[in-house]
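> My questions will all concern the structure given below.
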Amino acid sequence: MKKINKNIIIAIIIFLLIPLLFAAFNIPLEKSETADIGKLITEIDQEQVKSIVVKENELNVLLSDGKKQIIQKEANESLSTLLKNYAVNPEKIKKISIEVKNDIGLKFWLINILPFIIPIILFFGFFWFIMRQAQGVNNKAISFGQSGAREFSPEKKSKKITFKDVAGVKEAKHELVEIVDFLKNPKKFLALGANIPKGVLLLGAPGTGKTLLAKAVAGEANVPFFHISGSEFVEMFVGVGASRVRDLFRRAKKSAPCIVFIDEIDAVGRQRGAGLGGSHDEREQTLNQILVEMDGFEPNNNVIVIAATNRPDVLDSALLRPGRFDRRVTLDLPDINDREDILSVHARNKPLAEEASLRNVAERTPGFSGADLYNLLNEAAILTAFKNQKEITLENILESVDKVLLGPERKSHILSDQEKKITAYHEAGHALLAHELPNSDPVRKVSIIARGSAAGYTLKLPTEDKKLHTKGQIIDDLAVLLAGRVAEEEIFGEVTTGAQSDLSQATKIAKKLITEFGMSEKLGLRTFGEKEELIFLGRELHEQRDYSEKSAEEIDQEINRFIEEAAKTARRVITDKRQYLDKIANALITKETLEAEEFNALFV
């Protein structure tokens, strides 16, 4: 409507400009005086007239002194008859140059014809515009049910991605090699009566490389690749999503062999029957069409569907059965070796300094996904450019690690001397417990420089990746979390609000230790509580309690017990190692940041 109103306003402006256009043609280049016939007769008798140009009913008179006059005469009367009626001396008329002009040129046609033609042109132009708008709406209505899948042709060598561009995920790549081999040599499998999986479901946390791996499969197989997101199927109108699914598979069958990649399939693949729309829910109609296209009556050979999701627990069971998504490939977070390989891939086009060891960076980034590592090196490159340096140093990369983990450094957050001392002892308490407890990870960095919402931080990282955690490690982690608050209480005799985050995290860990890990001797080997999710809303609503009020009271008592014991452990270590606590705090007040080598040197 806004576009149509804008065009109507433009048309009105054009209509208003037409009279101005005609007026411009009628404006003379030089100003002329308007006179009457009597004055003209007098000037002829006095021989002041040099020439007269007759244009229909208008007389353009040029006087001997150079002045010009315009005189209107009667329409059906000629100039000679006019002068004869006024008894002008013929001898004086002979001395005047008289010229008769007829307007038959461009100006004549513009003035006389355009007022009739332009309205007709504008009318037909406006009518054509309205018809075109209506035709555009019809075309949109026709294309409303067409899928918006982007097709990537294998001929585009510049955008081609292969397994060489995907570091880590070795097991996942091995699983997908069979898919690539089938697309390249299908006869080898068909001769043995083998059917390649029709669908491959990529499972993994965000940023682990699901989309990149799907592109690599298409690049290795050198076949067309259709990419679409699950949310692009869903519309407010029932049936549109199903129509787009049919159109997508119709296009894919024409380009077979090919790969159809559906990203975030949980947007349409959630369990049916739980929505408020019943069986006519648009999302369920779309899912039903996907099920039919993947394994229905019509054969769907040489079209392999690869889907990605980080929520496999909410997918419909019919989508996961054999014949549809036959194979599930899990992409875990990379370990230290995989992180080093991923960093090597992302560092190909970046000038790294000689001392920038990617192995060192990999050790400092446990839990980072492939996307996190890409972002890390990108932040390091931005920081290097900001410092006007030519090479990315290890110092810039490690600073970027802190920025990614904790947020940017808050240089404007200036602590008073007392707050700085409290923060130093708080972080010294964390660092001291992490150093002294046998099951805690070693300290890599301690700082009282504010980052994000934290006034300071203690970075402790494992020497190797851990898949399992023992009860002793969890209990020691609780003691490390509470050590900051205990240190404040021991040194200053009171506590501050700086331990709020530590207390919240310690409570969550203690609750998990009891209710999820079954590590409480008092409550036994069981879990407590079952998380319930309303699928239609797609978010966790509440925890369904499968235990009694008495058990709930015992859980609270156990949480308090674990936290109190951790606090006692922290107090004991801080009391026994008070001299080291003071050394760490004083070093932090002086230097503000201690790296692992400087920190360990304080205990020598």
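Lettering and numbering for the structure tokens are positional, with chains as A, B, ... in the shown order, residues counted from 1 in each chain, and ligands counted from 1 in the shown order.
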Looking only at the backbone, which of the residues in segment 219-441 of chain A does DSSP tag as strand (DSSP E or B), as JSON, numbers by chain?

{"A": [225, 226, 227, 228, 229, 258, 259, 260, 261, 262, 263, 270, 303, 304, 305, 306, 307, 308, 309, 315, 327, 328, 329, 330, 331, 352, 392, 409]}

> Mind dumping the selected residues with N, CA and C atoms as an mmCIF file, in the first residue's frame?


```
data_model
loop_
_atom_site.group_PDB
_atom_site.id
_atom_site.type_symbol
_atom_site.label_atom_id
_atom_site.label_comp_id
_atom_site.auth_asym_id
_atom_site.auth_seq_id
_atom_site.Cartn_x
_atom_site.Cartn_y
_atom_site.Cartn_z
ATOM 1 N N PHE A 225 24.246 -29.309 -4.599
ATOM 2 C CA PHE A 225 24.014 -29.245 -3.152
ATOM 3 C C PHE A 225 22.897 -28.233 -2.896
ATOM 4 N N PHE A 226 21.770 -28.706 -2.354
ATOM 5 C CA PHE A 226 20.632 -27.831 -2.033
ATOM 6 C C PHE A 226 20.640 -27.561 -0.534
ATOM 7 N N HIS A 227 20.642 -26.302 -0.186
ATOM 8 C CA HIS A 227 20.698 -25.923 1.229
ATOM 9 C C HIS A 227 19.461 -25.122 1.596
ATOM 10 N N ILE A 228 18.816 -25.514 2.705
ATOM 11 C CA ILE A 228 17.630 -24.809 3.194
ATOM 12 C C ILE A 228 17.551 -25.008 4.699
ATOM 13 N N SER A 229 17.008 -24.029 5.377
ATOM 14 C CA SER A 229 16.816 -24.129 6.818
ATOM 15 C C SER A 229 15.419 -24.655 7.119
ATOM 16 N N CYS A 258 22.322 -35.900 -6.047
ATOM 17 C CA CYS A 258 22.554 -34.632 -5.376
ATOM 18 C C CYS A 258 22.367 -34.818 -3.875
ATOM 19 N N ILE A 259 22.629 -33.746 -3.155
ATOM 20 C CA ILE A 259 22.495 -33.741 -1.704
ATOM 21 C C ILE A 259 21.546 -32.612 -1.308
ATOM 22 N N VAL A 260 20.603 -32.947 -0.450
ATOM 23 C CA VAL A 260 19.698 -31.952 0.128
ATOM 24 C C VAL A 260 20.078 -31.787 1.593
ATOM 25 N N PHE A 261 20.472 -30.586 1.964
ATOM 26 C CA PHE A 261 20.881 -30.321 3.342
ATOM 27 C C PHE A 261 19.834 -29.447 4.020
ATOM 28 N N ILE A 262 19.236 -29.968 5.093
ATOM 29 C CA ILE A 262 18.235 -29.236 5.867
ATOM 30 C C ILE A 262 18.861 -28.888 7.209
ATOM 31 N N ASP A 263 19.161 -27.629 7.387
ATOM 32 C CA ASP A 263 19.783 -27.174 8.626
ATOM 33 C C ASP A 263 18.710 -26.905 9.677
ATOM 34 N N ARG A 270 9.922 -31.698 15.072
ATOM 35 C CA ARG A 270 9.595 -32.019 16.464
ATOM 36 C C ARG A 270 8.453 -33.023 16.543
ATOM 37 N N VAL A 303 19.095 -39.259 -4.211
ATOM 38 C CA VAL A 303 18.902 -38.002 -3.488
ATOM 39 C C VAL A 303 19.133 -38.304 -2.010
ATOM 40 N N ILE A 304 20.238 -37.829 -1.496
ATOM 41 C CA ILE A 304 20.601 -38.082 -0.107
ATOM 42 C C ILE A 304 20.297 -36.835 0.714
ATOM 43 N N VAL A 305 19.560 -37.030 1.781
ATOM 44 C CA VAL A 305 19.179 -35.924 2.658
ATOM 45 C C VAL A 305 20.108 -35.920 3.865
ATOM 46 N N ILE A 306 20.765 -34.802 4.069
ATOM 47 C CA ILE A 306 21.598 -34.603 5.253
ATOM 48 C C ILE A 306 20.938 -33.509 6.086
ATOM 49 N N ALA A 307 20.701 -33.796 7.332
ATOM 50 C CA ALA A 307 20.066 -32.832 8.231
ATOM 51 C C ALA A 307 20.950 -32.616 9.449
ATOM 52 N N ALA A 308 20.836 -31.433 10.040
ATOM 53 C CA ALA A 308 21.639 -31.086 11.203
ATOM 54 C C ALA A 308 20.744 -30.556 12.304
ATOM 55 N N THR A 309 21.066 -30.905 13.527
ATOM 56 C CA THR A 309 20.327 -30.407 14.679
ATOM 57 C C THR A 309 21.182 -30.544 15.928
ATOM 58 N N LEU A 315 13.136 -34.707 18.315
ATOM 59 C CA LEU A 315 12.726 -35.111 16.977
ATOM 60 C C LEU A 315 11.689 -36.226 17.033
ATOM 61 N N ARG A 327 21.246 -43.137 9.355
ATOM 62 C CA ARG A 327 22.547 -43.017 10.006
ATOM 63 C C ARG A 327 22.605 -41.717 10.811
ATOM 64 N N ARG A 328 23.128 -41.840 12.009
ATOM 65 C CA ARG A 328 23.307 -40.675 12.869
ATOM 66 C C ARG A 328 24.798 -40.486 13.125
ATOM 67 N N VAL A 329 25.269 -39.298 12.840
ATOM 68 C CA VAL A 329 26.689 -38.977 13.008
ATOM 69 C C VAL A 329 26.792 -37.902 14.086
ATOM 70 N N THR A 330 27.486 -38.219 15.151
ATOM 71 C CA THR A 330 27.626 -37.297 16.272
ATOM 72 C C THR A 330 28.938 -36.534 16.164
ATOM 73 N N LEU A 331 28.863 -35.231 16.287
ATOM 74 C CA LEU A 331 30.041 -34.369 16.248
ATOM 75 C C LEU A 331 30.273 -33.822 17.655
ATOM 76 N N LEU A 352 51.225 -15.593 11.265
ATOM 77 C CA LEU A 352 51.513 -15.878 12.669
ATOM 78 C C LEU A 352 52.992 -15.652 12.959
ATOM 79 N N ILE A 392 50.632 -11.861 13.965
ATOM 80 C CA ILE A 392 49.797 -12.197 15.115
ATOM 81 C C ILE A 392 50.663 -12.923 16.127
ATOM 82 N N GLU A 409 38.100 -6.301 28.084
ATOM 83 C CA GLU A 409 38.669 -5.667 29.271
ATOM 84 C C GLU A 409 37.991 -4.325 29.528
#
```

> Give me every helix (DSSP H, G or I) residue in segment 355-547 of chain A, going by DSSP on the backbone, as a PyMOL selection string.

chain A and resi 358-363+370-386+394-406+417-436+471-492+497-515

> Counting only C-alpha atoms, figure out which residue out of A:Thr393, A:Gln72, A:Thr162, A:Asn439 gets nearest to Gly219 of chain A.

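Answer, going by the shortest atom-to-atom distance: A:Thr162.
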
> Which of these residues is nearest to Glu521 of chain A, using only C-alpha atoms: A:Phe562, A:Asp576, A:Lys550, A:Leu202?

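Closest residue, counting only C-alpha atoms: A:Phe562.
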
> What does the distance from atom CA of Ala552 of chain A to atom CA of Glu565 of chain A come to in Å, to one decimal?

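Separating atom CA of Ala552 of chain A from atom CA of Glu565 of chain A is a distance of 20.1 Å.
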
> With a distance cut-off of 6 Å and only C-alpha atoms, select the neighbouring residues of segment 450-466 of chain A, excluding the residue or stretch itself and same-chain residues fewer than 2 positions from it, and output the selection as a list in words.

Leu406, Gly407, Pro408, Glu409, Arg410, Asp441, Pro442, Val443, Arg444, Lys445, Val446, Ser447, Ile448 and Leu468 of chain A

> Could those selected residues go to a file with N, CA, C and O atoms, as a compact mmCIF listing (two decimals), in the first residue's frame?


```txt
# COMPACT_ATOMS: atom_id res chain seq x y z
N LEU A 406 35.64 -14.32 28.82
CA LEU A 406 35.13 -13.46 29.88
C LEU A 406 34.57 -12.13 29.40
O LEU A 406 33.90 -11.44 30.16
N GLY A 407 34.87 -11.75 28.17
CA GLY A 407 34.42 -10.47 27.67
C GLY A 407 35.57 -9.50 27.53
O GLY A 407 36.71 -9.76 27.98
N PRO A 408 35.33 -8.33 26.96
CA PRO A 408 36.41 -7.35 26.77
C PRO A 408 36.88 -6.75 28.09
O PRO A 408 36.14 -6.70 29.07
N GLU A 409 38.10 -6.30 28.08
CA GLU A 409 38.67 -5.67 29.27
C GLU A 409 37.99 -4.33 29.53
O GLU A 409 37.86 -3.50 28.63
N ARG A 410 37.55 -4.12 30.77
CA ARG A 410 36.87 -2.86 31.13
C ARG A 410 37.91 -1.90 31.71
O ARG A 410 38.13 -1.83 32.91
N ASP A 441 42.36 -28.58 38.68
CA ASP A 441 43.16 -28.28 37.48
C ASP A 441 44.18 -27.19 37.80
O ASP A 441 43.94 -26.32 38.64
N PRO A 442 45.35 -27.22 37.14
CA PRO A 442 46.38 -26.21 37.42
C PRO A 442 45.96 -24.81 36.97
O PRO A 442 45.18 -24.64 36.05
N VAL A 443 46.52 -23.83 37.67
CA VAL A 443 46.22 -22.43 37.38
C VAL A 443 47.03 -21.97 36.18
O VAL A 443 48.25 -22.17 36.13
N ARG A 444 46.35 -21.37 35.20
CA ARG A 444 47.03 -20.85 34.02
C ARG A 444 47.19 -19.33 34.06
O ARG A 444 48.12 -18.80 33.49
N LYS A 445 46.26 -18.68 34.75
CA LYS A 445 46.33 -17.22 34.77
C LYS A 445 45.46 -16.69 35.90
O LYS A 445 44.37 -17.21 36.17
N VAL A 446 45.95 -15.64 36.59
CA VAL A 446 45.18 -14.96 37.63
C VAL A 446 45.25 -13.46 37.33
O VAL A 446 46.33 -12.94 37.03
N SER A 447 44.11 -12.78 37.42
CA SER A 447 44.10 -11.36 37.09
C SER A 447 43.04 -10.65 37.92
O SER A 447 42.01 -11.24 38.27
N ILE A 448 43.31 -9.39 38.24
CA ILE A 448 42.32 -8.54 38.90
C ILE A 448 41.89 -7.42 37.97
O ILE A 448 41.34 -6.41 38.42
N LEU A 468 35.24 -37.64 31.68
CA LEU A 468 34.60 -38.04 32.93
C LEU A 468 35.19 -37.24 34.09
O LEU A 468 36.37 -36.87 34.06
```

> Please list as a PDB file with all heavy atoms, in the first residue's frame every residue within 8 Å of Val314 of chain A, counting only C-alpha atoms and excluding residues in the same chain fewer than 2 positions away.


```
ATOM      1  N   ASP A 266      15.074 -29.516  13.524  1.00  0.00           N
ATOM      2  CA  ASP A 266      14.161 -29.573  14.669  1.00  0.00           C
ATOM      3  C   ASP A 266      13.081 -28.503  14.600  1.00  0.00           C
ATOM      4  O   ASP A 266      12.082 -28.567  15.330  1.00  0.00           O
ATOM      5  CB  ASP A 266      14.939 -29.449  15.974  1.00  0.00           C
ATOM      6  CG  ASP A 266      15.845 -28.229  15.989  1.00  0.00           C
ATOM      7  OD1 ASP A 266      16.961 -28.326  15.453  1.00  0.00           O
ATOM      8  OD2 ASP A 266      15.439 -27.195  16.529  1.00  0.00           O
ATOM      9  N   GLY A 269      10.794 -30.801  12.605  1.00  0.00           N
ATOM     10  CA  GLY A 269      10.824 -32.231  12.884  1.00  0.00           C
ATOM     11  C   GLY A 269      10.500 -32.611  14.310  1.00  0.00           C
ATOM     12  O   GLY A 269      10.759 -33.738  14.716  1.00  0.00           O
ATOM     13  N   ARG A 270       9.922 -31.698  15.072  1.00  0.00           N
ATOM     14  CA  ARG A 270       9.595 -32.019  16.464  1.00  0.00           C
ATOM     15  C   ARG A 270       8.453 -33.023  16.543  1.00  0.00           C
ATOM     16  O   ARG A 270       7.693 -33.186  15.582  1.00  0.00           O
ATOM     17  CB  ARG A 270       9.222 -30.742  17.232  1.00  0.00           C
ATOM     18  CG  ARG A 270      10.434 -29.861  17.520  1.00  0.00           C
ATOM     19  CD  ARG A 270      10.012 -28.540  18.142  1.00  0.00           C
ATOM     20  NE  ARG A 270      11.188 -27.784  18.535  1.00  0.00           N
ATOM     21  CZ  ARG A 270      11.669 -27.719  19.772  1.00  0.00           C
ATOM     22  NH1 ARG A 270      11.067 -28.398  20.735  1.00  0.00           N
ATOM     23  NH2 ARG A 270      12.740 -27.001  20.052  1.00  0.00           N
ATOM     24  N   GLN A 271       8.345 -33.649  17.683  1.00  0.00           N
ATOM     25  CA  GLN A 271       7.347 -34.693  17.874  1.00  0.00           C
ATOM     26  C   GLN A 271       5.949 -34.167  17.601  1.00  0.00           C
ATOM     27  O   GLN A 271       5.596 -33.064  18.014  1.00  0.00           O
ATOM     28  CB  GLN A 271       7.429 -35.216  19.320  1.00  0.00           C
ATOM     29  CG  GLN A 271       8.747 -35.889  19.636  1.00  0.00           C
ATOM     30  CD  GLN A 271       8.827 -36.319  21.091  1.00  0.00           C
ATOM     31  OE1 GLN A 271       7.814 -36.380  21.768  1.00  0.00           O
ATOM     32  NE2 GLN A 271      10.031 -36.611  21.557  1.00  0.00           N
ATOM     33  N   ARG A 311      19.342 -30.640  18.803  1.00  0.00           N
ATOM     34  CA  ARG A 311      18.285 -31.092  19.711  1.00  0.00           C
ATOM     35  C   ARG A 311      17.695 -32.410  19.213  1.00  0.00           C
ATOM     36  O   ARG A 311      16.520 -32.488  18.823  1.00  0.00           O
ATOM     37  CB  ARG A 311      17.176 -30.041  19.795  1.00  0.00           C
ATOM     38  CG  ARG A 311      17.588 -28.719  20.410  1.00  0.00           C
ATOM     39  CD  ARG A 311      17.996 -28.878  21.866  1.00  0.00           C
ATOM     40  NE  ARG A 311      17.005 -29.586  22.651  1.00  0.00           N
ATOM     41  CZ  ARG A 311      15.928 -29.013  23.205  1.00  0.00           C
ATOM     42  NH1 ARG A 311      15.722 -27.731  23.044  1.00  0.00           N
ATOM     43  NH2 ARG A 311      15.082 -29.716  23.928  1.00  0.00           N
ATOM     44  N   PRO A 312      18.467 -33.494  19.203  1.00  0.00           N
ATOM     45  CA  PRO A 312      17.926 -34.771  18.715  1.00  0.00           C
ATOM     46  C   PRO A 312      16.855 -35.347  19.624  1.00  0.00           C
ATOM     47  O   PRO A 312      16.054 -36.181  19.194  1.00  0.00           O
ATOM     48  CB  PRO A 312      19.156 -35.680  18.670  1.00  0.00           C
ATOM     49  CG  PRO A 312      20.084 -35.110  19.691  1.00  0.00           C
ATOM     50  CD  PRO A 312      19.863 -33.623  19.651  1.00  0.00           C
ATOM     51  N   ASP A 316      10.817 -36.252  16.035  1.00  0.00           N
ATOM     52  CA  ASP A 316       9.764 -37.255  15.955  1.00  0.00           C
ATOM     53  C   ASP A 316      10.375 -38.623  15.647  1.00  0.00           C
ATOM     54  O   ASP A 316      11.330 -38.745  14.860  1.00  0.00           O
ATOM     55  CB  ASP A 316       8.766 -36.864  14.860  1.00  0.00           C
ATOM     56  CG  ASP A 316       7.508 -37.701  14.922  1.00  0.00           C
ATOM     57  OD1 ASP A 316       6.593 -37.347  15.668  1.00  0.00           O
ATOM     58  OD2 ASP A 316       7.462 -38.727  14.211  1.00  0.00           O
ATOM     59  N   ILE A 535       6.681 -29.175  24.060  1.00  0.00           N
ATOM     60  CA  ILE A 535       7.326 -29.116  22.751  1.00  0.00           C
ATOM     61  C   ILE A 535       6.804 -27.964  21.912  1.00  0.00           C
ATOM     62  O   ILE A 535       7.529 -27.342  21.151  1.00  0.00           O
ATOM     63  CB  ILE A 535       7.134 -30.464  22.023  1.00  0.00           C
ATOM     64  CG1 ILE A 535       7.838 -31.556  22.813  1.00  0.00           C
ATOM     65  CG2 ILE A 535       7.647 -30.410  20.603  1.00  0.00           C
ATOM     66  CD1 ILE A 535       7.613 -32.936  22.289  1.00  0.00           C
TER      67      ILE A 535
END
```

> Just want the 9 Å neighbourhood of Ala356 of chain A, counted on only C-alpha atoms, with same-chain residues fewer than 3 positions away dropped. Output as a count of residues only.

10

> Set the distance at 9 Å and use only C-alpha atoms: which residues neighbour Lys350 of chain A once local chain neighbours fewer than 3 positions away are removed? I'd like the list as a list in words.

His346, Ala347, Leu377, Ala381, Glu391 and Ile392 of chain A

> Mind dumping the selected residues with C-alpha atoms as a PDB file, in the first residue's frame?


```pdb
ATOM      1  CA  HIS A 346      41.860 -21.146  10.295  1.00  0.00           C
ATOM      2  CA  ALA A 347      45.424 -19.787  10.439  1.00  0.00           C
ATOM      3  CA  LEU A 377      41.838 -16.202  15.692  1.00  0.00           C
ATOM      4  CA  ALA A 381      43.824 -10.674  13.955  1.00  0.00           C
ATOM      5  CA  GLU A 391      52.208 -10.541  12.706  1.00  0.00           C
ATOM      6  CA  ILE A 392      49.797 -12.197  15.115  1.00  0.00           C
TER       7      ILE A 392
END
```

> With 9 Å as the cut-off and only C-alpha atoms counted, what is the closest atom pair between each nearby residue of segment 29-56 of chain A and segment 84-103 of chain A? Distances in Å to one decimal, ordered by chain and number, as a tab-separated table.


```
residue	atom	partner	partner_atom	distance
A:Gly38	CA	A:Tyr86	CA	8.9
A:Ile41	CA	A:Val88	CA	7.2
A:Ile44	CA	A:Lys92	CA	6.9
A:Asp45	CA	A:Lys92	CA	7.0
A:Gln46	CA	A:Lys92	CA	8.9
A:Glu47	CA	A:Lys92	CA	6.9
A:Val49	CA	A:Ile96	CA	6.5
A:Lys50	CA	A:Ile96	CA	5.4
A:Ser51	CA	A:Ser97	CA	4.4
A:Ile52	CA	A:Ile98	CA	4.8
A:Val53	CA	A:Glu99	CA	4.7
A:Val54	CA	A:Val100	CA	4.6
A:Lys55	CA	A:Lys101	CA	5.3
A:Glu56	CA	A:Asn102	CA	7.1
```

> Selection from above, N, CA, C and O atoms, as a compact mmCIF listing (two decimals), in the first residue's frame, can you write it?


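Below you can see again_34.txt, which holds the result:
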```
# COMPACT_ATOMS: atom_id res chain seq x y z
N GLY A 38 -4.55 51.64 -31.96
CA GLY A 38 -4.45 53.10 -32.16
C GLY A 38 -3.04 53.60 -32.04
O GLY A 38 -2.59 54.46 -32.82
N ILE A 41 -1.14 52.73 -35.21
CA ILE A 41 -1.44 53.62 -36.35
C ILE A 41 -0.66 54.91 -36.20
O ILE A 41 -0.10 55.44 -37.18
N ILE A 44 2.98 54.35 -37.05
CA ILE A 44 3.19 54.22 -38.51
C ILE A 44 3.18 55.58 -39.18
O ILE A 44 4.00 55.87 -40.08
N ASP A 45 2.23 56.42 -38.77
CA ASP A 45 2.16 57.78 -39.36
C ASP A 45 3.41 58.57 -39.06
O ASP A 45 3.87 59.38 -39.87
N GLN A 46 4.03 58.32 -37.89
CA GLN A 46 5.25 59.04 -37.52
C GLN A 46 6.51 58.32 -38.00
O GLN A 46 7.62 58.73 -37.67
N GLU A 47 6.33 57.22 -38.80
CA GLU A 47 7.42 56.45 -39.38
C GLU A 47 8.39 55.92 -38.31
O GLU A 47 9.59 55.92 -38.46
N VAL A 49 7.87 52.74 -37.06
CA VAL A 49 7.79 51.28 -37.14
C VAL A 49 8.77 50.76 -38.17
O VAL A 49 8.77 51.24 -39.32
N LYS A 50 9.58 49.79 -37.75
CA LYS A 50 10.58 49.21 -38.65
C LYS A 50 10.07 47.94 -39.31
O LYS A 50 10.26 47.74 -40.52
N SER A 51 9.41 47.03 -38.52
CA SER A 51 8.90 45.78 -39.10
C SER A 51 7.71 45.31 -38.27
O SER A 51 7.56 45.66 -37.11
N ILE A 52 6.88 44.47 -38.96
CA ILE A 52 5.73 43.87 -38.30
C ILE A 52 5.69 42.39 -38.69
O ILE A 52 5.74 42.06 -39.87
N VAL A 53 5.59 41.52 -37.69
CA VAL A 53 5.48 40.08 -37.93
C VAL A 53 4.07 39.67 -37.49
O VAL A 53 3.67 39.87 -36.34
N VAL A 54 3.33 39.05 -38.42
CA VAL A 54 1.96 38.66 -38.16
C VAL A 54 1.93 37.16 -37.81
O VAL A 54 2.36 36.33 -38.60
N LYS A 55 1.44 36.84 -36.58
CA LYS A 55 1.27 35.45 -36.14
C LYS A 55 -0.18 35.29 -35.72
O LYS A 55 -0.54 35.63 -34.58
N GLU A 56 -0.99 34.82 -36.67
CA GLU A 56 -2.42 34.63 -36.43
C GLU A 56 -3.04 35.93 -35.93
O GLU A 56 -3.11 36.89 -36.68
```

> Please report the interatomic distance between atom CA of Leu523 of chain A and atom CA of Glu558 of chain A in Å with one decimal.

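Computed distance, atom CA of Leu523 of chain A to atom CA of Glu558 of chain A, equals 8.4 Å.
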
> Find the residue from A:Met294, A:Leu213, A:Val495, A:Ala587 that sits nearest to Ile422 of chain A; use only C-alpha atoms when measuring.

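Of A:Met294, A:Leu213, A:Val495, A:Ala587, the one nearest Ile422 of chain A, counting only C-alpha atoms, is A:Val495.
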